[in-house]
Amino acid sequence: MVAQDSTSESFDMVRPGTLFEATVLEVRRIARRPFEVLVCVAANGVLVTILWFFAPLKLANLVFSVHTALFFPIVLASWMLADVPATNQLAPDRVRVLAALGDPEALRLLLRAKHVVLWLLVSPVTVVVIALQGARVGDPVGLVLTVIWVLTVPFCALGVACLVGVRWPYHPMRLKDRWSRRSDWRPMILRWGILILIPYALVPAIGVLDFVPSYVVWKLLGYSTATGEVSKAAFALGLGLTIPLAGAVWHFGTKAAVSLAHRRSSELREFLADPSRG
């Protein structure tokens with residue numbers, strides 16, 4: 001069934017004029033049931049915490065290559081973003097997206113507002129964790145550097161990850177409803193199953209790529225394979241290289257997503273207007 005609200009709402013009612021307005025609208029959206037964004041972010045935070053602190057050492061070593069105390073908040077920030085809210089950003093907000101498809105600036109504001117809200121959810125948690133870890137290890141310089149890192153670098157993944165939802169969006173459906181239509185298994189099960197797993201590989205991969213300059217500097221100047229420690233000078237220099245790269249990746253990633261949405265506007269309008277397509 002095609003939802004009538006997708007076309008009947010006034011464009012002026014759903015079009016944000018500024019990033020602040022778009023962010024406020026996005027906060028209101030995720031604060032409504034079923035709270036899928038909040039649940040996903042919280043679940044990933046719990047999962048990485050369990051793996052870091054309670055998983056057997058061999059398993060933890062497979063997942064985490066650096067084990068210094070202040071590296072945990074960096075991993076936490078990256079993992080909390082690695083879920084479907086980072087990729088499937090169009091279909092869950094289809095009314096405003098449909099209204100904005102003809103206006104690249106409006107769509108860009110919508111996407112960037114979603115990124116800002118995810119950042120607002122993740123950053124306070126990781127900063128609190130950093131403060132607790134910093135107080136325990138007594139490392140104020142490392143604390144400051146880590147805060148700067150988690151407030152900037154993980155953000156870059158969102159600019160690229162949103163391209164997935166532009167190219168392959170899917171409508172949020174209850175599992176019971178999706179399973180009841182399993183005879184139409186390609187869109188309902190296979191396509192959806194692949195797309196819900198993609199963020200767990202894509203978002204960390206983008207973060208790793210952006211992290212490469214820092215890691216190279218660490219290896220050259222201050223990373224100890226014996227202790228897992230990184231010198232402060234190496235950390236700061238790597239951060240100085242990584243932050244501009246992260247900003248560029250996010251900026252041009254969102255521009256590319258808007259450009260792709262413009263090229264696929266006909267297909268997106270048809271798909272987003274019909275939630276029954278799964």
# chains A, B, ... in the order shown; residues from 1 in each chain; ligands from 1

$ residues_around --residues "Ile196 (chain A)" --least-positions-apart "5" --cutoff "12 Å" --atoms "only C-alpha atoms" --output "ChimeraX atom specification"
/A:40,82-88,164-165,168-172,188-191,201-202

$ residues_around --residues "Ala113 (chain A)" --least-positions-apart "5" --cutoff "8 Å" --atoms "only C-alpha atoms" --output "list in words"
Leu19, Phe20, Ala22, Thr23 and Glu26 of chain A

$ atom_distance --atom1 "CA of Val153 (chain A)" --atom2 "CA of Val166 (chain A)"
22.7 Å

$ select_by_dssp --residues "region 22-229 of chain A" --states "helix (DSSP H, G or I)" --output "number ranges by chain"
A: 22-30, 36-54, 57-63, 69-80, 84-87, 91-100, 104-137, 140-167, 175-180, 185-221

$ atom_distance --atom1 "CA of Val129 (chain A)" --atom2 "CA of Phe72 (chain A)"
8.5 Å

$ atom_distance --atom1 "CA of His115 (chain A)" --atom2 "CA of Leu158 (chain A)"
6.3 Å

$ closest_residue --among "A:Arg32, A:Lys114, A:Arg277, A:Lys232" --to "Val97 (chain A)" --atoms "only C-alpha atoms"
A:Lys114

$ closest_residue --among "A:Pro204, A:Gly278, A:Pro92, A:Pro124" --to "Leu175 (chain A)" --atoms "only C-alpha atoms"
A:Gly278

$ closest_residue --among "A:Val41, A:Val150, A:Leu90, A:Ile50" --to "Phe71 (chain A)" --atoms "only C-alpha atoms"
A:Val150
